[in-house]
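Asker: Submitted below is the structure of interest, expressed as structure tokens.
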Amino acid sequence: MGCDNDRVEAAQPADRTPTDATPPQGQPPVRPDGGPAPSEGQPALVADQGEPAAVADTPAPPAGKAKGRSERSPKDMALSLLILLVPIALLLAFYRGFLGGDSPVTVDPAPALEQARSANAFPVAEPTGLGDDWRTVNARFRTEADGSTLRIGYVTPEGRGAQLVESNVPAEKLLPAELTEGQPQGAADLPGGLSWQRYTARGNEHALVLLEPNRTVIVVGDAGETELRKLATSLR
């Protein structure tokens, strides 16, 4: 029996925590976490959860950087504008100098002249000897109920506009349509023996008019009188 008692005692170690948490008589109850339980009538203590996290403030931009953006000198602004304008100026110069950006689109007047001759509505006069600096920008022949009209437009050597009109439309209808209340200003005194007359025209334009029984010829435009006379005397 002595041996049995020794085995029983070895199976129960001395430092084993008892499962019953009831304190001895007269002592306060013990909580599982090791702290004393609050007395009756006192509020239970809440475990410390740590300090609340501080709210992160958005950092203000550096004062020097904001000041630098708002106080740009006129010199800096002028340099920035210059940097933008230089490439544009170079492109414009390339377009004008190498691609002919300012040159008008030219046309060949031969087809319109051939149509007018084929129609045989009136004697067709063709400009000759004007030179390459007289650029033809439009040419057309049209037949309507009142008659047929040939129009050839030019850009002159001085960059002005001039138009040749040949038509068998009655002059009393053709002149108001082409010159807008144009009035005769006297003889033009052109060489060749033809009776050219000077006329006013719309706006800042002037006109030279040749009245014949079977056709009317008009040279009109904002070109100078010298260029208008040259166009008129070139007709053959």
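The chains in the structure tokens are called A, B, ... from first to last as shown; in each chain the residues are counted from 1, and the ligands are counted from 1 in the order shown.
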Mind checking which residues fall within 8 Å of A:Leu190, counting only C-alpha atoms, ignoring those fewer than 3 positions away in the same chain, and posting them as a VMD selection string?

Answerer: chain A and resid 193 to 196 229 233

Asker: Just want the 9 Å neighbourhood of A:Arg202, counted on only C-alpha atoms, with same-chain residues fewer than 2 positions away dropped. Output as number ranges by chain.

Answerer: A: 178-182, 200, 204-206

Asker: Tell me which of A:Thr136, A:Asn214, A:Gln197, A:Ser148 sits closest to A:Asp108, counting only C-alpha atoms.

Answerer: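 Closest candidate: A:Thr136.
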
Asker: Pick out the closest residue to A:Val105 from this set: A:Leu164, A:Ala119, A:Val124, A:Val137. Count only C-alpha atoms.

Answerer: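 With only C-alpha atoms as the atom set, the closest residue is A:Val137.
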
Asker: Determine the nearest neighbour of A:Arg142 from the options A:Leu130, A:Val217, A:Val86, A:Ala116, counting only C-alpha atoms.

Answerer: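 Among the listed residues, A:Ala116 lies closest to A:Arg142.
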
Asker: Just list the residues in stretch 58-230 of chain A DSSP gives alpha helix (DSSP H) on the backbone, as a ChimeraX atom specification.

Answerer: /A:63-70,74-97,110-119,171-179,225-230

Asker: For the strand (DSSP E or B) assignment from backbone DSSP, which residues of stretch 114-178 of chain A qualify? Please present them as a list in words.

Answerer: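 Put together, the selection reads Pro127, Arg135, Thr136, Val137, Asn138, Ala139, Arg140, Phe141, Arg142, Thr143, Glu144, Gly147, Ser148, Thr149, Leu150, Arg151, Ile152, Gly153, Tyr154, Val155, Gly161, Ala162, Gln163, Leu164, Val165, Glu166 and Ser167 of chain A.
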
Asker: Which neighbours of A:Ala171 fall inside 12 Å, counting only C-alpha atoms, when residues of the same chain fewer than 2 positions from it are skipped, and could you give them as a ChimeraX atom specification?

Answerer: /A:146-147,149,165-169,173-179,209-218

Asker: When you count only C-alpha atoms, which of these residues is closest to A:Gly224: A:Thr156, A:Ala125, A:Gly131, A:Pro87?

Answerer: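 The answer is A:Thr156, which sits nearest to A:Gly224.
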
Asker: Kindly give the distance, in Å, that separates atom CA of A:Arg160 and atom CA of A:Lys230, rounded to a single decimal.

Answerer: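 Value for the atom CA of A:Arg160-atom CA of A:Lys230 distance: 13.5 Å.
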
Asker: Near A:Val220, within 6 Å and counting only C-alpha atoms, which residues show up once chain neighbours fewer than 5 positions away are dropped, as a PyMOL selection string?

Answerer: chain A and resi 162-163+206-207

Asker: Between A:Met77, A:Leu231, A:Ala145, A:Ala121, which one has atoms that come closest to A:Pro157, using only C-alpha atoms?

Answerer: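 Closest residue, counting only C-alpha atoms: A:Leu231.
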
Asker: Pick the closest to A:Pro127 from A:Leu235, A:Glu144, A:Glu227, A:Leu85: which is it, counting only C-alpha atoms?

Answerer: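 Looking at the shortest contact to A:Pro127, the residue is A:Leu235.
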